[in-house]
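Structure file coords.txt with compact mmCIF, C-alpha atoms and all ligand atoms:
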```txt
# COMPACT_ATOMS: atom_id res chain seq x y z
CA MET A 230 58.14 -17.59 -22.10
CA PRO A 231 55.45 -14.91 -22.28
CA THR A 232 52.50 -15.52 -19.98
CA THR A 233 49.18 -16.22 -21.62
CA SER A 234 46.68 -13.45 -21.05
CA ALA A 235 43.27 -14.09 -19.60
CA PHE A 236 41.78 -13.05 -22.92
CA ALA A 237 43.89 -15.55 -24.87
CA LYS A 238 42.78 -18.26 -22.45
CA LEU A 239 39.18 -17.22 -22.95
CA LEU A 240 39.59 -17.47 -26.70
CA ASP A 241 41.19 -20.89 -26.39
CA SER A 242 38.47 -22.26 -24.17
CA SER A 243 35.51 -20.89 -26.10
CA ARG A 244 33.73 -22.17 -29.11
CA VAL A 245 31.48 -19.13 -29.27
CA LEU A 246 32.20 -15.51 -28.37
CA VAL A 247 29.40 -12.96 -28.42
CA THR A 248 30.25 -9.25 -28.51
CA VAL A 249 27.69 -7.08 -26.76
CA GLY A 250 27.54 -3.47 -25.68
CA ALA A 251 25.85 -0.14 -26.26
CA GLY A 252 25.51 1.40 -29.72
CA GLY A 253 28.71 2.44 -31.47
CA VAL A 254 31.21 1.24 -28.84
CA GLY A 255 33.00 -1.12 -31.25
CA LYS A 256 31.17 -4.46 -31.13
CA THR A 257 31.47 -5.13 -34.86
CA THR A 258 35.10 -4.02 -34.94
CA THR A 259 35.94 -6.16 -31.91
CA ALA A 260 34.21 -9.20 -33.40
CA ALA A 261 36.13 -8.78 -36.66
CA ALA A 262 39.42 -8.21 -34.85
CA ILE A 263 39.02 -11.29 -32.66
CA ALA A 264 37.94 -13.40 -35.63
CA THR A 265 40.89 -12.25 -37.73
CA ALA A 266 43.47 -12.83 -35.01
CA ALA A 267 42.03 -16.27 -34.20
CA ALA A 268 42.04 -17.25 -37.88
CA ARG A 269 45.63 -16.15 -38.12
CA SER A 270 46.61 -18.43 -35.29
CA GLY A 271 44.94 -21.47 -36.80
CA ARG A 272 41.30 -21.47 -35.78
CA ARG A 273 38.60 -22.11 -38.35
CA VAL A 274 36.46 -19.08 -37.65
CA LEU A 275 32.97 -18.04 -38.60
CA CYS A 276 32.29 -14.37 -37.95
CA LEU A 277 28.59 -13.50 -37.90
CA THR A 278 28.31 -9.80 -38.24
CA ILE A 279 25.55 -7.23 -38.29
CA ASP A 280 25.45 -4.26 -40.54
CA PRO A 281 29.22 -3.97 -41.00
CA ALA A 282 30.69 -0.85 -42.53
CA LYS A 283 31.45 -1.24 -46.21
CA ARG A 284 35.06 -0.52 -45.52
CA LEU A 285 35.25 -3.38 -43.07
CA ALA A 286 34.14 -5.72 -45.86
CA GLN A 287 36.77 -4.19 -48.12
CA ALA A 288 39.39 -4.61 -45.42
CA LEU A 289 38.64 -8.32 -45.46
CA GLY A 290 38.94 -8.37 -49.22
CA LEU A 291 35.23 -8.89 -49.81
CA ASP A 292 33.18 -6.74 -52.16
CA MET A 293 30.51 -6.77 -49.54
CA ILE A 294 29.45 -8.91 -46.63
CA GLY A 295 26.19 -10.55 -47.55
CA SER A 296 23.78 -12.97 -45.98
CA GLU A 297 25.65 -15.81 -47.67
CA GLU A 298 28.80 -17.22 -46.15
CA ALA A 299 31.92 -15.77 -47.73
CA VAL A 300 35.32 -17.33 -47.17
CA VAL A 301 37.98 -14.66 -46.87
CA ASP A 302 40.75 -15.21 -49.41
CA LYS A 303 44.06 -16.06 -47.77
CA ALA A 304 45.90 -14.32 -50.61
CA HIS A 305 44.28 -11.09 -49.50
CA PHE A 306 45.99 -11.42 -46.13
CA GLN A 307 49.27 -12.49 -47.70
CA LYS A 308 49.31 -9.15 -49.49
CA SER A 309 49.53 -7.55 -46.07
CA GLY A 310 52.27 -9.99 -45.12
CA VAL A 311 49.98 -12.12 -42.97
CA GLU A 312 49.69 -15.88 -43.14
CA LEU A 313 46.29 -17.19 -42.09
CA GLN A 314 46.99 -20.54 -40.45
CA GLY A 315 43.29 -21.23 -40.07
CA SER A 316 40.36 -19.87 -42.04
CA LEU A 317 37.95 -17.00 -41.82
CA THR A 318 34.37 -17.11 -43.05
CA VAL A 319 32.21 -14.03 -42.77
CA MET A 320 28.47 -13.76 -43.00
CA MET A 321 25.98 -11.06 -42.27
CA LEU A 322 23.03 -11.91 -40.10
CA ASP A 323 19.84 -11.48 -41.99
CA THR A 324 16.83 -11.26 -39.70
CA LYS A 325 14.23 -12.08 -42.30
CA THR A 326 16.05 -15.06 -43.79
CA THR A 327 16.54 -16.54 -40.32
CA PHE A 328 12.90 -15.94 -39.42
CA ASP A 329 11.79 -17.52 -42.72
CA ALA A 330 13.85 -20.61 -41.99
CA LEU A 331 12.20 -20.92 -38.59
CA VAL A 332 8.74 -20.57 -40.03
CA ARG A 333 9.53 -23.35 -42.48
CA LYS A 334 10.89 -25.52 -39.73
CA TYR A 335 7.99 -25.12 -37.36
CA SER A 336 4.98 -24.94 -39.64
CA SER A 337 3.00 -28.16 -39.51
CA THR A 338 2.68 -28.28 -43.27
CA ARG A 339 4.49 -26.77 -46.17
CA GLU A 340 1.30 -25.06 -47.33
CA LYS A 341 0.91 -23.35 -43.99
CA ALA A 342 4.47 -22.09 -44.14
CA ASP A 343 3.99 -20.76 -47.66
CA LYS A 344 0.81 -19.05 -46.65
CA LEU A 345 2.41 -17.34 -43.71
CA LEU A 346 5.51 -16.35 -45.64
CA SER A 347 3.45 -14.75 -48.35
CA ASN A 348 1.21 -12.88 -45.93
CA LYS A 349 1.41 -9.14 -46.42
CA LEU A 350 2.03 -8.52 -42.77
CA TYR A 351 4.63 -11.18 -42.31
CA LYS A 352 7.50 -9.25 -43.77
CA TYR A 353 6.72 -6.29 -41.62
CA VAL A 354 6.35 -8.28 -38.43
CA SER A 355 9.35 -10.56 -39.04
CA THR A 356 11.66 -7.59 -39.26
CA SER A 357 10.19 -5.04 -36.91
CA LEU A 358 8.72 -6.87 -33.96
CA ALA A 359 10.51 -5.81 -30.80
CA GLY A 360 13.43 -8.11 -30.18
CA THR A 361 13.34 -9.97 -33.49
CA GLN A 362 16.77 -8.88 -34.60
CA GLU A 363 18.38 -9.82 -31.31
CA TYR A 364 16.49 -13.08 -31.19
CA MET A 365 17.47 -14.02 -34.73
CA ALA A 366 21.11 -13.35 -33.91
CA VAL A 367 21.02 -15.99 -31.19
CA GLU A 368 18.86 -18.22 -33.31
CA LYS A 369 21.53 -18.19 -36.01
CA LEU A 370 24.07 -18.97 -33.37
CA VAL A 371 22.18 -22.08 -32.34
CA ALA A 372 22.08 -23.13 -35.98
CA VAL A 373 25.84 -22.80 -36.54
CA LYS A 374 27.20 -23.54 -33.09
CA ASP A 375 27.88 -27.19 -33.79
CA ASP A 376 28.80 -26.79 -37.44
CA PRO A 377 31.87 -29.05 -37.80
CA ARG A 378 33.43 -26.72 -40.37
CA PHE A 379 34.19 -24.15 -37.69
CA ASP A 380 35.87 -24.30 -34.33
CA LEU A 381 35.15 -20.72 -33.33
CA VAL A 382 32.03 -18.67 -33.96
CA VAL A 383 32.22 -14.95 -33.23
CA LEU A 384 28.80 -13.38 -33.01
CA ASP A 385 28.30 -9.66 -33.30
CA THR A 386 25.05 -8.24 -31.91
CA PRO A 387 22.77 -5.43 -32.99
CA PRO A 388 23.06 -1.90 -31.62
CA THR A 389 20.40 -2.32 -28.97
CA SER A 390 19.52 0.79 -27.02
CA ASN A 391 20.21 -1.31 -23.98
CA ALA A 392 22.49 -4.33 -24.17
CA LEU A 393 20.03 -6.21 -22.00
CA ASP A 394 17.56 -6.21 -24.85
CA PHE A 395 19.77 -8.85 -26.27
CA LEU A 396 19.56 -11.20 -23.29
CA ASP A 397 15.86 -10.70 -22.94
CA ALA A 398 15.21 -11.24 -26.63
CA PRO A 399 14.00 -14.86 -26.48
CA GLU A 400 11.64 -14.09 -23.66
CA ARG A 401 10.45 -10.87 -25.20
CA LEU A 402 9.82 -12.46 -28.53
CA VAL A 403 7.90 -15.31 -27.01
CA SER A 404 5.77 -13.05 -24.89
CA ALA A 405 5.18 -10.82 -27.89
CA LEU A 406 4.11 -13.80 -29.93
CA ASP A 407 2.20 -15.19 -26.99
CA SER A 408 -0.19 -12.33 -26.65
CA VAL A 409 -1.37 -12.44 -30.20
CA THR A 410 -3.93 -9.85 -29.48
CA MET A 411 -4.44 -6.24 -30.31
CA LYS A 412 -1.99 -5.33 -27.62
CA TRP A 413 0.75 -7.26 -29.29
CA PHE A 414 -0.06 -5.83 -32.62
CA LEU A 415 0.04 -2.36 -31.24
CA THR A 416 3.47 -3.02 -29.83
CA ALA A 417 4.67 -3.91 -33.30
CA PHE A 418 3.30 -0.70 -34.71
CA GLN A 419 4.47 1.30 -31.80
CA THR A 420 8.09 0.29 -32.42
CA SER A 421 7.80 1.42 -36.00
CA GLY A 422 6.87 4.84 -34.76
CA LYS A 423 4.16 5.02 -37.37
CA LEU A 424 1.33 5.11 -34.91
CA SER A 425 1.62 7.32 -31.92
CA LEU A 426 1.95 5.93 -28.44
CA ASN A 427 -1.23 7.48 -27.18
CA LEU A 428 -3.19 5.21 -29.47
CA LEU A 429 -2.49 2.55 -26.90
CA ALA A 430 -4.70 4.38 -24.51
CA LYS A 431 -7.66 4.32 -26.84
CA SER A 432 -9.96 1.40 -27.21
CA ALA A 433 -9.02 -1.44 -29.50
CA SER A 434 -11.91 -0.85 -31.85
CA VAL A 435 -11.00 2.77 -32.41
CA VAL A 436 -7.43 1.73 -33.05
CA LEU A 437 -8.50 -0.95 -35.45
CA LYS A 438 -10.54 1.51 -37.45
CA GLY A 439 -7.55 3.81 -37.47
CA ILE A 440 -5.25 1.12 -38.77
CA GLY A 441 -7.86 0.15 -41.34
CA LYS A 442 -7.91 3.69 -42.62
CA ILE A 443 -4.19 3.97 -42.80
CA THR A 444 -3.50 0.71 -44.54
CA GLY A 445 -6.57 0.38 -46.68
CA GLY A 446 -9.07 -2.42 -47.13
CA GLY A 447 -8.31 -6.04 -46.47
CA PHE A 448 -6.09 -5.24 -43.57
CA LEU A 449 -8.23 -6.81 -40.89
CA GLU A 450 -8.69 -10.00 -42.88
CA ALA A 451 -4.98 -10.19 -43.53
CA MET A 452 -4.30 -9.67 -39.86
CA ALA A 453 -6.78 -12.30 -38.72
CA GLU A 454 -5.31 -14.81 -41.10
CA PHE A 455 -1.82 -13.94 -40.08
CA ILE A 456 -2.57 -14.34 -36.41
CA THR A 457 -4.15 -17.73 -36.96
CA GLU A 458 -1.15 -18.92 -38.89
CA LEU A 459 1.31 -17.52 -36.44
CA ASN A 460 -0.55 -19.25 -33.64
CA ASP A 461 0.17 -22.47 -35.41
CA LEU A 462 3.87 -21.87 -34.80
CA PHE A 463 3.70 -21.05 -31.13
CA GLY A 464 4.67 -24.36 -29.65
CA GLY A 465 7.70 -24.43 -31.89
CA PHE A 466 8.87 -20.95 -31.04
CA LYS A 467 8.51 -21.39 -27.32
CA GLU A 468 10.49 -24.55 -27.24
CA ARG A 469 13.02 -22.92 -29.50
CA ALA A 470 13.44 -19.95 -27.19
CA ARG A 471 14.28 -22.36 -24.37
CA ILE A 472 16.92 -24.07 -26.50
CA VAL A 473 18.35 -20.70 -27.42
CA GLU A 474 18.61 -19.66 -23.80
CA LYS A 475 20.20 -22.95 -22.87
CA THR A 476 22.78 -22.55 -25.63
CA LEU A 477 23.80 -19.20 -24.23
CA ARG A 478 24.49 -20.91 -20.91
CA SER A 479 26.86 -23.51 -22.35
CA ASP A 480 30.37 -23.61 -20.91
CA ASP A 481 31.97 -22.92 -24.25
CA VAL A 482 29.93 -19.75 -24.90
CA ALA A 483 31.26 -16.49 -23.49
CA PHE A 484 30.26 -12.88 -23.78
CA VAL A 485 32.75 -10.17 -24.60
CA LEU A 486 31.39 -6.96 -23.14
CA VAL A 487 32.50 -3.97 -25.15
CA THR A 488 32.35 -0.48 -23.70
CA SER A 489 33.72 2.96 -24.28
CA PRO A 490 35.39 4.67 -21.30
CA ALA A 491 32.25 6.80 -20.85
CA PRO A 492 30.54 6.25 -17.48
CA MET A 493 27.16 5.52 -19.03
CA SER A 494 28.53 2.82 -21.27
CA ILE A 495 30.53 1.38 -18.35
CA ARG A 496 27.45 1.30 -16.13
CA GLU A 497 25.64 -0.58 -18.84
CA VAL A 498 28.25 -3.32 -19.17
CA LEU A 499 28.50 -3.71 -15.41
CA TYR A 500 24.78 -4.15 -15.17
CA PHE A 501 24.91 -6.55 -18.08
CA ALA A 502 27.68 -8.56 -16.40
CA GLU A 503 25.54 -8.82 -13.29
CA ARG A 504 22.58 -10.03 -15.26
CA LEU A 505 24.73 -12.57 -17.11
CA ASP A 506 25.91 -13.92 -13.81
CA GLU A 507 22.36 -14.21 -12.49
CA SER A 508 21.32 -16.05 -15.64
CA GLY A 509 24.17 -18.53 -15.40
CA MET A 510 25.93 -17.10 -18.45
CA ARG A 511 29.58 -16.16 -18.71
CA ALA A 512 31.01 -12.65 -18.92
CA GLY A 513 34.35 -13.65 -20.41
CA SER A 514 35.94 -10.25 -20.64
CA ILE A 515 35.29 -6.52 -20.67
CA ILE A 516 36.92 -4.60 -23.48
CA VAL A 517 37.29 -0.90 -22.83
CA ASN A 518 37.66 0.37 -26.35
CA ARG A 519 38.82 3.76 -27.57
CA MET A 520 40.72 4.72 -24.42
CA ARG A 521 42.29 8.11 -24.89
CA VAL A 522 45.88 8.33 -23.74
CA ALA A 523 47.99 11.34 -22.88
CA PRO A 524 50.32 12.59 -25.61
CA GLU A 525 53.96 11.68 -25.17
CA GLY A 526 56.16 13.97 -23.13
CA GLY A 527 54.49 13.80 -19.76
CA SER A 528 53.04 17.34 -19.63
CA PRO A 529 51.07 19.63 -21.95
CA VAL A 530 53.09 21.92 -24.21
CA THR A 531 52.99 25.61 -23.42
CA VAL A 532 52.12 28.28 -25.99
CA ALA A 533 55.78 29.28 -26.09
CA GLU A 534 56.85 25.68 -26.78
CA ALA A 535 54.25 25.39 -29.53
CA LYS A 536 55.55 28.64 -31.06
CA ALA A 537 59.09 27.35 -30.96
CA ALA A 538 58.06 24.06 -32.58
CA ILE A 539 56.34 25.98 -35.37
CA ALA A 540 59.33 28.27 -35.83
CA GLU A 541 61.66 25.25 -36.08
CA GLY A 542 59.39 23.70 -38.69
CA LYS A 543 58.48 20.73 -36.45
CA LEU A 544 54.83 21.68 -36.82
CA ALA A 545 53.63 22.71 -40.25
CA LEU A 546 51.32 25.44 -38.93
CA ASP A 547 51.06 29.23 -38.83
CA GLU A 548 52.49 30.88 -35.76
CA ASP A 549 49.08 32.10 -34.63
CA ALA A 550 48.02 28.43 -34.28
CA ALA A 551 50.32 28.05 -31.26
CA ALA A 552 47.63 28.89 -28.71
CA ARG A 553 45.24 26.37 -30.24
CA VAL A 554 47.94 23.70 -30.32
CA ALA A 555 48.65 24.28 -26.62
CA GLN A 556 44.94 24.17 -25.81
CA ALA A 557 44.37 20.97 -27.80
CA HIS A 558 47.34 19.40 -26.08
CA ALA A 559 46.06 20.37 -22.64
CA ASP A 560 42.60 19.00 -23.54
CA ALA A 561 44.12 15.70 -24.65
CA PHE A 562 45.76 15.35 -21.23
CA LYS A 563 42.49 16.09 -19.48
CA LEU A 564 40.54 13.60 -21.56
CA ALA A 565 43.14 10.91 -20.97
CA ALA A 566 42.99 11.55 -17.22
CA LEU A 567 39.20 11.36 -17.33
CA ASP A 568 39.23 8.02 -19.17
CA ALA A 569 41.82 6.67 -16.76
CA SER A 570 39.65 7.61 -13.78
CA HIS A 571 36.59 5.95 -15.31
CA LEU A 572 38.65 2.87 -15.96
CA ARG A 573 39.78 2.75 -12.33
CA ALA A 574 36.16 2.92 -11.24
CA LEU A 575 35.39 0.01 -13.54
CA GLU A 576 38.33 -2.00 -12.23
CA GLY A 577 36.96 -1.61 -8.75
CA ARG A 578 33.65 -3.12 -9.73
CA ALA A 579 34.41 -5.71 -12.40
CA GLY A 580 35.20 -8.51 -9.94
CA ASN A 581 37.09 -11.33 -11.63
CA THR A 582 36.14 -10.41 -15.16
CA PRO A 583 39.37 -9.52 -16.96
CA ILE A 584 39.51 -6.03 -18.46
CA VAL A 585 41.21 -5.41 -21.78
CA ARG A 586 42.12 -1.84 -22.69
CA ILE A 587 42.28 -0.77 -26.30
CA ARG A 588 43.34 2.72 -27.31
CA GLU A 589 41.54 5.09 -29.54
CA ARG A 590 43.14 4.89 -33.00
CA PRO A 591 43.76 8.06 -35.02
CA SER A 592 41.36 6.79 -37.69
CA ASP A 593 38.56 4.26 -38.14
CA VAL A 594 39.60 0.62 -38.07
CA ASN A 595 39.31 -0.29 -41.70
CA ASP A 596 42.18 -2.37 -42.96
CA VAL A 597 43.66 -5.80 -42.38
CA SER A 598 46.65 -4.59 -40.46
CA MET A 599 44.57 -2.47 -38.09
CA LEU A 600 42.17 -5.34 -37.47
CA LEU A 601 45.03 -7.68 -36.79
CA THR A 602 46.74 -5.18 -34.54
CA LEU A 603 43.60 -4.80 -32.46
CA GLY A 604 43.05 -8.55 -32.39
CA GLU A 605 46.64 -9.24 -31.31
CA LEU A 606 46.44 -6.53 -28.65
CA MET A 607 43.28 -8.11 -27.27
CA LEU A 608 44.99 -11.49 -27.21
CA ALA A 609 47.91 -9.94 -25.38
CA GLY A 610 45.49 -8.68 -22.74
CA GLY A 611 45.24 -5.09 -23.94
CA GLU A 612 47.58 -2.13 -24.01
N1 LIG A 701 39.85 1.64 -31.05
C1 LIG A 701 39.29 2.36 -32.03
N2 LIG A 701 39.89 3.48 -32.49
C2 LIG A 701 39.34 4.21 -33.48
N3 LIG A 701 38.17 3.93 -34.06
C3 LIG A 701 37.52 2.83 -33.66
C4 LIG A 701 38.03 1.98 -32.63
N4 LIG A 701 37.15 0.96 -32.45
C5 LIG A 701 36.15 1.16 -33.32
N5 LIG A 701 36.35 2.27 -34.05
C6 LIG A 701 35.49 2.84 -35.08
O1 LIG A 701 34.27 3.20 -34.46
C7 LIG A 701 33.20 3.04 -35.35
C8 LIG A 701 32.12 2.20 -34.67
O2 LIG A 701 32.62 0.90 -34.47
P1 LIG A 701 31.69 -0.38 -34.64
O3 LIG A 701 30.92 -0.32 -35.89
O4 LIG A 701 32.56 -1.57 -34.42
O5 LIG A 701 30.74 -0.18 -33.39
P2 LIG A 701 29.45 -1.02 -33.01
O6 LIG A 701 29.43 -1.14 -31.53
O7 LIG A 701 29.42 -2.28 -33.80
O8 LIG A 701 28.32 -0.04 -33.51
P3 LIG A 701 26.75 -0.40 -33.67
O9 LIG A 701 26.21 -0.39 -32.27
O10 LIG A 701 26.25 0.72 -34.51
O11 LIG A 701 26.67 -1.74 -34.32
C9 LIG A 701 33.77 2.41 -36.61
O12 LIG A 701 33.94 3.41 -37.56
C10 LIG A 701 35.11 1.85 -36.16
O13 LIG A 701 36.07 1.84 -37.21
MG MG A 702 27.93 -3.05 -35.07
```
Produce structure tokens that represent the structure in this file.
Ligand SMILES: Nc1ncnc2c1ncn2[C@@H]1O[C@H](COP(=O)(O)OP(=O)(O)OP(=O)(O)O)[C@@H](O)[C@H]1O
Ligand SMILES: [Mg+2]
Amino acid sequence: MPTTSAFAKLLDSSRVLVTVGAGGVGKTTTAAAIATAAARSGRRVLCLTIDPAKRLAQALGLDMIGSEEAVVDKAHFQKSGVELQGSLTVMMLDTKTTFDALVRKYSSTREKADKLLSNKLYKYVSTSLAGTQEYMAVEKLVAVKDDPRFDLVVLDTPPTSNALDFLDAPERLVSALDSVTMKWFLTAFQTSGKLSLNLLAKSASVVLKGIGKITGGGFLEAMAEFITELNDLFGGFKERARIVEKTLRSDDVAFVLVTSPAPMSIREVLYFAERLDESGMRAGSIIVNRMRVAPEGGSPVTVAEAKAAIAEGKLALDEDAAARVAQAHADAFKLAALDASHLRALEGRAGNTPIVRIRERPSDVNDVSMLLTLGELMLAGGE
């Protein structure tokens, strides 16, 4: 009987998996692959995704992935010869909708909620305040975690410049909301890049005048009103942030750390794993995605071999391409060796966290069979 991989055990023992990692390493792809493979094997899966590529939606047979839940049609998988034993529901995280729901929940009266929601500044702040997107991702997780319709929730996370932004999000959001002062407001503007950083150094009154000029009359009144209303929500948000943090520490929640084989990305996940450990959260697995492997044959082809292959028609190229073929081949060996050495360094430092290796595919991952292949490979413990 085949042995069960550490990753398969992780999947079995988790109700929630959160994919985190640096920008572009494959978080969304990994989340979709895990969700698909789990649904195939009988789990009722909800995949909460962020900003998925259009082609990923198409791969799942959806016109688009929207902020409404969409159940993936089993017939779509059958077309690719795959029987979904369980079910797969996909939904895109929508920061503003989640924030709106919170405002409604925590406003003392309906009128107050309406007033805040219709404030001119609200839309801006609810979507661009530092940490809001990360926070709302976890917030959504808290909302669906115990939904009886699902037995696995896979949560994708935003492309934070630093994966830690994600962990710190509840705290950051609370402290941002806590200092409802000019300073806080400046932070919001600062992240938009609309006002330059050095404005921070100037006095608040100068800044205020500046903002007034930029945004036109009524701004200060709108801001004052907004701040008063937001203040009304504070107690609610703070308590909420604590619940959110506690949820992330539950036994059945695990993080899947996704990295490329690049040293910088690896350093980031290692640091993240350390921080998870300190915070009493679980680093379930590290996925090293897009590993480059050496071409078959054991050694790079020589120019003469490339010429011969072209002459025999094995390579549909002009003869003068032989040198480039040999060079590309040699480069591929070097890159594979480089990735392998970075992986070894990671293995030496990852402690007990299982590492799953996934190879670089020749194209983007954008159809059912590729998603399933990746998902099955992860379940098998990598390749
Ligand atoms: N193993 C792989 N081989 C080839 N292409 C891959 C692989 N994994 C992911 N990709 C491709 O890399 C691109 C980025 O992947 P993805 O969107 O999953 O990354 P991400 O970490 O979610 O990015 P972001 O931080 O922007 O959200 C996609 O086009 C995806 O198809
Ligand atoms: Mg993504």
Wanna dump the chain A-ligand MG 702 (chain A) contacts at 9 Å for me, each residue with its shortest atom pair and the distance in Å to one decimal, counting only C-alpha atoms and all ligand atoms, ordered by chain and number, as a Markdown table?
```
| residue | atom | partner | partner_atom | distance |
| --- | --- | --- | --- | --- |
| A:Gly252 | CA | A:MG702 | MG | 7.4 |
| A:Gly253 | CA | A:MG702 | MG | 6.6 |
| A:Val254 | CA | A:MG702 | MG | 8.2 |
| A:Gly255 | CA | A:MG702 | MG | 6.6 |
| A:Lys256 | CA | A:MG702 | MG | 5.3 |
| A:Thr257 | CA | A:MG702 | MG | 4.1 |
| A:Thr258 | CA | A:MG702 | MG | 7.2 |
| A:Ala260 | CA | A:MG702 | MG | 8.9 |
| A:Thr278 | CA | A:MG702 | MG | 7.5 |
| A:Ile279 | CA | A:MG702 | MG | 5.8 |
| A:Asp280 | CA | A:MG702 | MG | 6.1 |
| A:Pro281 | CA | A:MG702 | MG | 6.1 |
| A:Ala282 | CA | A:MG702 | MG | 8.3 |
| A:Asp385 | CA | A:MG702 | MG | 6.9 |
| A:Thr386 | CA | A:MG702 | MG | 6.7 |
| A:Pro387 | CA | A:MG702 | MG | 6.1 |
| A:Pro388 | CA | A:MG702 | MG | 6.1 |
```
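Considering the residues A:Leu239, A:Leu600, A:Ile495, A:Val373 and counting all atoms listed in the file, Gln287 in chain A has its shortest atom-to-atom contact with A:Leu600.
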So the first atom is CA of Glu507 in chain A and the second is CA of Leu608 in chain A; what is the distance between them in Å, to one decimal place?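 Taking CA of Glu507 in chain A as the start and CA of Leu608 in chain A as the end point, the length is 27.1 Å.
Minimum distance to Thr324 in chain A across A:Glu368, A:Glu589, A:Glu497, A:Glu298 (counting all atoms listed in the file) occurs at A:Glu368.
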What is the CA of Glu340 in chain A to CA of Ala372 in chain A distance in Å?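 Computed distance, CA of Glu340 in chain A to CA of Ala372 in chain A, equals 23.8 Å.
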Which is closest to ligand LIG 701 (chain A) among A:Ala268, A:Ala299, A:Met510, A:Leu486, if we use all atoms listed in the file? A:Leu486
Find the residues around range 545-556 of chain A up to 8 Å (all atoms listed in the file counted), leave out those fewer than 3 positions away in its own chain, and share them as a PyMOL selection string. chain A and resi 529-533+535-536+539-540+542+559-560
How far is it from atom P3 of ligand LIG 701 (chain A) to CA of Ala235 in chain A, in Å with one decimal?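 Result for atom P3 of ligand LIG 701 (chain A) versus CA of Ala235 in chain A: 25.7 Å, one decimal.
You can rank A:Leu603, A:Leu384, A:Leu277, A:Ala512 by their closest distance to Pro583 in chain A using all atoms listed in the file, and at the top of that list sits A:Ala512.
Using only C-alpha atoms for every distance, the candidate list A:Ser309, A:Thr582, A:Ser528, A:Ser592 yields A:Ser528 as the residue closest to Ala561 in chain A.
Among the candidates A:Val517, A:Ala483, A:Leu345, A:Ala261, the one nearest to Leu240 in chain A when counting all atoms listed in the file is A:Ala483.
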For Ala262 in chain A, list every protein, DNA or RNA residue within 9 Å, evaluated using only C-alpha atoms, and leave out those in the same chain fewer than 2 positions away; present the list as a list in words. Thr257, Thr258, Thr259, Ala260, Ala264, Thr265, Ala266, Ala267, Val597, Met599, Leu600, Leu601, Thr602, Leu603, Gly604, Glu605 and Met607 of chain A
In file coordinates, which residues lie within 8 Å of (40.8, -6.4, -21.9) using only C-alpha atoms, given as a list in words?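 Output: Phe236, Ser514, Ile515, Ile516, Val517, Pro583, Ile584, Val585, Arg586, Ile587, Met607, Gly610 and Gly611 of chain A.
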